[in-house]
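K.L.:
This structure is in structure tokens; I'll ask about it shortly.
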Amino acid sequence: MKKLLPIITLSLFPVVCWAFKVPAFQQPDENSHFDYAVSIYSAGRLLRVGGVPSEMNAESIQTGVEWERVSHLYTKYLAQETGFTRIKYHPEEKVPEGYGSLAYFHDLDARAPAVEHSQRRDNPWMLAAYPVGYYGTVALWMRLVSPDRPVELFFAARLFSVLLLAVSLVLSYLVLRRLDVTEGKSLAVVALLAFFPLTTAVSSSVQPDNLCLTLSLLAIYLALKEKPWMTGLVLGLLFITKYHTGAACLCAVLIYLWRKGAGRKALFKVFIPVPLCALIQLYVGLPTENHFRRASVGQWPYNTLLALRDFYFGGDAFRSWFGWFGWADTPLIIRSERVQAVVYFAEIAVTMALFVLVCVALRRRWRSVLDNPLVTYHLLFILGLFFLYVVSDNSFFAQGRHLYPVLLSGFYLTFVYVPESFRRGRLLFYVLCVLTVAYDVVGQYYAYRDMAGRFYGEGRLY
């Protein structure tokens with residue numbers, strides 16, 4: 001564990017930098033996520049669908065796309081003062097003068113709005129669309145660490161994601177060691193995913209995927225240690241953070257324990273906390289607002305091919321996994337279009353090769369697949385995500401960050417599971433490590449360079 005500390009410390013430097021450098025709400029859906037969390041914080045209680053909002057919630061206003069409505073005074077205030085709508089999706093627009101300085105933030109806090117006694121108060125729209133787990137946790141964190149000032153509350157929410165990354169990296173190492181991965185290889189895998197540009201982007205923003213990764217790793221670790229009650233409680237919290245993530249992880253854990261010969265009593269101990277935690281969501285209210293559309297059964301085969309392309313073979317989700325700093329609004333742009341094309345096609349070629357190798361490895365070791373909860377969780381999660389993509393006609397706009405909860409399992413399959421399935425596995429491991437280190441270094445450099453140019457005009461003209 002002592003060798004892990006430098007990796008965690010160094011990897012948090014760019015994450016903290018991103019957390020303060022990327023302007024407020026410029027990360028994906030961050031205004032909506034913050035709006036829900038800060039509304040619970042102001043109310044001092046869980047909000048309920050159709051219930052009474054906090055005193056700090058006023059009439060909703062639309063920001064960005066049609067359904068993206070915010071109602072908390074702090075969210076609306078920060079969005080207006082930092083130029084959210086002016087900058088979002090407009091690469092030529094930059095942050096207000098002085099943004100990022102202590103004087104600027106102190107001035108924002110000093111002019112923060114007070115309670116409005118308006119006739120209409122609206123709850124955040126995400127209350128009726130997303131489960132409560134992440135937002136209630138962030139609200140509790142805000143109450144513990146931050147005074148009632150909008151800027152400090154916002155950065156407290158972002159820094160909570162940074163804290164979750166640190167915990168996730170520790171859990172990643174512990175899970176790998178429990179799966180009998182050598183210390184050196186475990187440290188290498190953790191380091192590679194810690195400096196992965198997408199890791200930096202997601203873990204520096206207000207995103208529920210951060211809590212999903214931490215809870216899923218904790219549940220798998222506790223299952224490997226045969227702690228059924230604690231495993232079940234964590235799975236219950238994961239379920240009310242994101243339904244499909246919780247369901248995939250629960251099934252993976254139950255399959256693993258069943259394969260290990262755990263009795264009905266142990267399986268019951270794992271399962272029973274999940275519906276108990278679901279009662280919290282029932283108290284809040286079942287989702288009444290979503291934007292999914294149903295695809296006809298005849299479209300399913302075509303949508304399956306689109307999903308494969310989107311996630312693995314050069315589609316939007318693929319590019320946002322490898323090439324975007326968090327969102328399409330801020331792509332990693334290489335000045336030379338020729339170099340950019342070479343990098344893009346190299347990424348596709350490597351991914352296609354890995355896709356084939358993973359399929360071959362799973363085929364060779366299919367008898368033991370269900371004995372590994374990390375692999376089972378990854379496969380169930382991907383199948384669930386593909387199912388949603390196919391039946392909803394990609395209504396959720398698939399992005400690379402949607403795979404963040406299976407970040408470790410993806411790296412485990414790539415750097416451990418696949419090499420161990422072939423004779424020249426050690427050579428394959430070293431080759432993959434070299435390629436990923438090169439990508440991490442280059443990706444981190446261009447991520448910072450293009451983000452600074454996109455929002456601050458530093459060193460790049462748009």
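Labels for the structure tokens follow display order: chains A, B, ..., residues from 1 in each chain, ligands from 1.
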What lies within 10 Å of His117 (chain A) using only C-alpha atoms, ignoring chain neighbours under 4 positions off, as a VMD selection string?
P.N.:
chain A and resid 55 to 58 121
K.L.:
Can you spit out the residues from that selection as a short mmCIF file (atom, residue, chain, number, x, y, z; two decimals), in the first residue's frame, using N, CA, C and O atoms?
P.N.:
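What follows is the written file again33.cif:
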data_model
loop_
_atom_site.label_atom_id
_atom_site.label_comp_id
_atom_site.auth_asym_id
_atom_site.auth_seq_id
_atom_site.Cartn_x
_atom_site.Cartn_y
_atom_site.Cartn_z
N GLU A 55 -36.67 26.64 0.12
CA GLU A 55 -36.95 28.07 -0.04
C GLU A 55 -36.04 28.72 -1.07
O GLU A 55 -36.36 29.79 -1.58
N MET A 56 -34.91 28.06 -1.37
CA MET A 56 -33.97 28.61 -2.34
C MET A 56 -34.29 28.19 -3.76
O MET A 56 -33.59 28.57 -4.70
N ASN A 57 -35.32 27.40 -3.95
CA ASN A 57 -35.76 27.03 -5.30
C ASN A 57 -36.84 27.98 -5.76
O ASN A 57 -37.80 28.23 -5.02
N ALA A 58 -36.68 28.49 -6.95
CA ALA A 58 -37.68 29.40 -7.53
C ALA A 58 -38.20 28.78 -8.83
O ALA A 58 -38.09 27.57 -9.04
N ARG A 121 -42.51 27.95 -7.01
CA ARG A 121 -41.26 27.28 -6.68
C ARG A 121 -41.26 25.92 -7.37
O ARG A 121 -42.24 25.17 -7.27
#
K.L.:
Within region 132-342 of chain A, find each residue whose DSSP state, derived from the backbone, is alpha helix (DSSP H), and express the selection as a ChimeraX atom specification.
P.N.:
/A:133-145,150-178,183-194,197-203,208-224,228-239,243-259,264-271,273-284,300-312,316-322,337-342
K.L.:
I'd like to know which of A:Lys21, A:Lys2, A:Lys260, A:His402 is closest to Gly453 (chain A), using only C-alpha atoms.
P.N.:
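The answer is A:Lys21, which sits nearest to Gly453 (chain A).
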K.L.:
Give me the residues near region 68-74 of chain A as a tab-separated table (two decimals) with N, CA, C and O atoms, in the first residue's frame, where near means some atom within 9 Å (using only C-alpha atoms) and where sequence neighbours in that chain fewer than 5 positions away do not count.
P.N.:
chain	number	residue	atom	x	y	z
A	29	ASP	N	-23.77	18.10	-18.30
A	29	ASP	CA	-24.97	18.10	-17.43
A	29	ASP	C	-24.67	18.55	-16.01
A	29	ASP	O	-25.45	18.28	-15.08
A	31	ASN	N	-24.67	21.42	-14.53
A	31	ASN	CA	-25.61	22.36	-13.92
A	31	ASN	C	-26.82	21.62	-13.34
A	31	ASN	O	-27.30	21.94	-12.24
A	32	SER	N	-27.31	20.62	-14.05
A	32	SER	CA	-28.46	19.86	-13.55
A	32	SER	C	-28.09	19.01	-12.34
A	32	SER	O	-28.86	18.91	-11.38
A	35	ASP	N	-27.69	21.30	-9.43
A	35	ASP	CA	-28.98	21.86	-9.05
A	35	ASP	C	-29.75	20.92	-8.12
A	35	ASP	O	-30.34	21.36	-7.13
A	36	TYR	N	-29.72	19.63	-8.42
A	36	TYR	CA	-30.42	18.65	-7.59
A	36	TYR	C	-29.76	18.54	-6.22
A	36	TYR	O	-30.42	18.58	-5.17
A	38	VAL	N	-27.69	20.67	-4.60
A	38	VAL	CA	-27.77	21.87	-3.77
A	38	VAL	C	-29.20	22.15	-3.31
A	38	VAL	O	-29.43	22.77	-2.27
A	39	SER	N	-30.18	21.67	-4.04
A	39	SER	CA	-31.57	21.80	-3.62
A	39	SER	C	-31.84	20.96	-2.37
A	39	SER	O	-32.54	21.40	-1.45
A	42	SER	N	-30.13	22.76	0.55
A	42	SER	CA	-30.88	23.91	1.06
A	42	SER	C	-32.12	23.49	1.82
A	42	SER	O	-32.51	24.13	2.80
A	54	SER	N	-37.23	23.52	-1.66
A	54	SER	CA	-36.60	24.34	-0.63
A	54	SER	C	-36.94	25.80	-0.87
A	54	SER	O	-37.40	26.18	-1.95
A	55	GLU	N	-36.67	26.64	0.12
A	55	GLU	CA	-36.95	28.07	-0.04
A	55	GLU	C	-36.04	28.72	-1.07
A	55	GLU	O	-36.36	29.79	-1.58
A	56	MET	N	-34.91	28.06	-1.37
A	56	MET	CA	-33.97	28.61	-2.34
A	56	MET	C	-34.29	28.19	-3.76
A	56	MET	O	-33.59	28.57	-4.70
A	57	ASN	N	-35.32	27.40	-3.95
A	57	ASN	CA	-35.76	27.03	-5.30
A	57	ASN	C	-36.84	27.98	-5.76
A	57	ASN	O	-37.80	28.23	-5.02
A	58	ALA	N	-36.68	28.49	-6.95
A	58	ALA	CA	-37.68	29.40	-7.53
A	58	ALA	C	-38.20	28.78	-8.83
A	58	ALA	O	-38.09	27.57	-9.04
A	59	GLU	N	-38.74	29.59	-9.71
A	59	GLU	CA	-39.28	29.08	-10.97
A	59	GLU	C	-38.14	28.58	-11.85
A	59	GLU	O	-37.08	29.20	-11.97
A	60	SER	N	-38.37	27.45	-12.49
A	60	SER	CA	-37.34	26.85	-13.34
A	60	SER	C	-37.09	27.70	-14.57
A	60	SER	O	-37.99	28.34	-15.11
A	61	ILE	N	-35.82	27.68	-15.01
A	61	ILE	CA	-35.47	28.30	-16.28
A	61	ILE	C	-34.75	27.26	-17.13
A	61	ILE	O	-34.10	26.36	-16.60
A	62	GLN	N	-34.88	27.37	-18.42
A	62	GLN	CA	-34.25	26.42	-19.33
A	62	GLN	C	-32.81	26.85	-19.60
A	62	GLN	O	-32.53	28.03	-19.83
A	63	THR	N	-31.90	25.89	-19.52
A	63	THR	CA	-30.50	26.16	-19.84
A	63	THR	C	-30.03	25.06	-20.78
A	63	THR	O	-30.04	23.90	-20.44
A	79	ALA	N	-24.70	30.24	-13.15
A	79	ALA	CA	-24.80	30.09	-14.59
A	79	ALA	C	-24.81	31.45	-15.29
A	79	ALA	O	-24.14	31.65	-16.31
A	112	ALA	N	-24.13	36.90	-3.70
A	112	ALA	CA	-25.02	35.74	-3.82
A	112	ALA	C	-26.47	36.13	-3.50
A	112	ALA	O	-26.73	36.93	-2.60
A	113	PRO	N	-27.41	35.57	-4.22
A	113	PRO	CA	-28.83	35.92	-3.99
A	113	PRO	C	-29.35	35.33	-2.67
A	113	PRO	O	-28.87	34.30	-2.20
A	114	ALA	N	-30.34	36.00	-2.12
A	114	ALA	CA	-30.99	35.51	-0.91
A	114	ALA	C	-32.31	34.86	-1.29
A	114	ALA	O	-32.67	34.76	-2.46
A	115	VAL	N	-33.06	34.42	-0.28
A	115	VAL	CA	-34.34	33.75	-0.51
A	115	VAL	C	-35.30	34.68	-1.24
A	115	VAL	O	-35.43	35.86	-0.90
A	116	GLU	N	-35.96	34.15	-2.26
A	116	GLU	CA	-36.98	34.91	-2.98
A	116	GLU	C	-38.36	34.40	-2.56
A	116	GLU	O	-38.62	33.20	-2.56
A	121	ARG	N	-42.51	27.95	-7.01
A	121	ARG	CA	-41.26	27.28	-6.68
A	121	ARG	C	-41.26	25.92	-7.37
A	121	ARG	O	-42.24	25.17	-7.27
A	122	ASP	N	-40.18	25.61	-8.04
A	122	ASP	CA	-40.07	24.34	-8.76
A	122	ASP	C	-38.93	23.50	-8.19
A	122	ASP	O	-37.85	24.02	-7.89
A	123	ASN	N	-39.18	22.22	-8.07
A	123	ASN	CA	-38.12	21.30	-7.71
A	123	ASN	C	-37.20	21.10	-8.91
A	123	ASN	O	-37.59	21.35	-10.06
A	124	PRO	N	-35.95	20.66	-8.70
A	124	PRO	CA	-35.07	20.37	-9.84
A	124	PRO	C	-35.66	19.26	-10.71
A	124	PRO	O	-36.26	18.31	-10.19
A	125	TRP	N	-35.49	19.37	-12.01
A	125	TRP	CA	-36.12	18.40	-12.91
A	125	TRP	C	-35.54	17.00	-12.70
A	125	TRP	O	-36.25	16.00	-12.90
A	126	MET	N	-34.29	16.91	-12.26
A	126	MET	CA	-33.68	15.60	-12.07
A	126	MET	C	-34.30	14.81	-10.94
A	126	MET	O	-34.14	13.60	-10.88
A	149	ARG	N	-22.34	29.33	0.80
A	149	ARG	CA	-21.94	30.27	-0.24
A	149	ARG	C	-21.85	29.52	-1.56
A	149	ARG	O	-21.26	28.43	-1.61
A	150	PRO	N	-22.39	30.08	-2.63
A	150	PRO	CA	-22.55	29.30	-3.87
A	150	PRO	C	-21.25	28.79	-4.47
A	150	PRO	O	-21.17	27.64	-4.90
A	151	VAL	N	-20.21	29.63	-4.52
A	151	VAL	CA	-18.95	29.20	-5.13
A	151	VAL	C	-18.33	28.06	-4.32
A	151	VAL	O	-17.87	27.05	-4.88
K.L.:
Would you mind listing what lies within 10 Å of Phe397 (chain A) as a PyMOL selection string, with only C-alpha atoms counted and same-chain residues fewer than 6 positions away left out?
P.N.:
chain A and resi 316-317+389
K.L.:
Please provide the set of residues having any atom within 6 Å of Phe415 (chain A), restricted to only C-alpha atoms, with same-chain residues fewer than 3 positions apart removed, written as number ranges by chain.
P.N.:
A: 411-412, 429
K.L.:
Residues at most 8 Å from region 432-441 of chain A, counting only C-alpha atoms, excluding those fewer than 6 positions away in the same chain, as number ranges by chain?
P.N.:
A: 192, 195-197, 415
K.L.:
Mind writing the picked residues with N, CA, C and O atoms as a compact mmCIF listing (two decimals), in the first residue's frame?
P.N.:
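Result file follows (again_10.txt):
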# COMPACT_ATOMS: atom_id res chain seq x y z
N LEU A 192 -2.05 3.35 -14.65
CA LEU A 192 -2.51 3.60 -16.02
C LEU A 192 -3.91 4.19 -16.04
O LEU A 192 -4.19 5.12 -16.80
N PHE A 195 -4.12 7.98 -14.52
CA PHE A 195 -3.70 9.10 -15.38
C PHE A 195 -4.42 9.09 -16.72
O PHE A 195 -4.09 9.90 -17.60
N PHE A 196 -5.37 8.20 -16.90
CA PHE A 196 -6.16 8.17 -18.13
C PHE A 196 -6.92 9.49 -18.26
O PHE A 196 -7.57 9.93 -17.30
N PRO A 197 -6.86 10.19 -19.39
CA PRO A 197 -7.50 11.50 -19.50
C PRO A 197 -8.98 11.51 -19.16
O PRO A 197 -9.48 12.47 -18.55
N PHE A 415 -5.29 -5.55 -19.42
CA PHE A 415 -3.90 -5.70 -18.98
C PHE A 415 -3.62 -6.97 -18.17
O PHE A 415 -2.47 -7.31 -17.96
K.L.:
With a distance cut-off of 7 Å and only C-alpha atoms, select the neighbouring residues of Ala194 (chain A), excluding the residue or stretch itself and same-chain residues fewer than 4 positions from it, and output the selection as a ChimeraX atom specification.
P.N.:
/A:11,190,199
K.L.:
Would you mind listing, for every residue of region 310-407 of chain A within 7 Å of region 210-219 of chain A, the two atoms forming the shortest contact and the distance between them in Å to one decimal, using only C-alpha atoms, sorted by chain and ascending residue number, as a tab-separated table?
P.N.:
residue	atom	partner	partner_atom	distance
A:Tyr404	CA	A:Leu213	CA	6.8
A:Pro405	CA	A:Leu213	CA	4.2
A:Val406	CA	A:Leu213	CA	6.9
K.L.:
Would you put the residues from that selection into a file with N, CA and C atoms, as a PDB file, in the first residue's frame?
P.N.:
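Saved result, part.pdb, follows:
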ATOM      1  N   TYR A 404     -17.622   4.734 -17.324  1.00  0.00           N
ATOM      2  CA  TYR A 404     -16.742   5.022 -16.192  1.00  0.00           C
ATOM      3  C   TYR A 404     -16.931   4.056 -15.022  1.00  0.00           C
ATOM      4  N   PRO A 405     -18.156   3.620 -14.693  1.00  0.00           N
ATOM      5  CA  PRO A 405     -18.307   2.663 -13.581  1.00  0.00           C
ATOM      6  C   PRO A 405     -17.594   1.337 -13.793  1.00  0.00           C
ATOM      7  N   VAL A 406     -17.272   0.985 -15.031  1.00  0.00           N
ATOM      8  CA  VAL A 406     -16.533  -0.261 -15.289  1.00  0.00           C
ATOM      9  C   VAL A 406     -15.112   0.057 -15.754  1.00  0.00           C
TER      10      VAL A 406
END
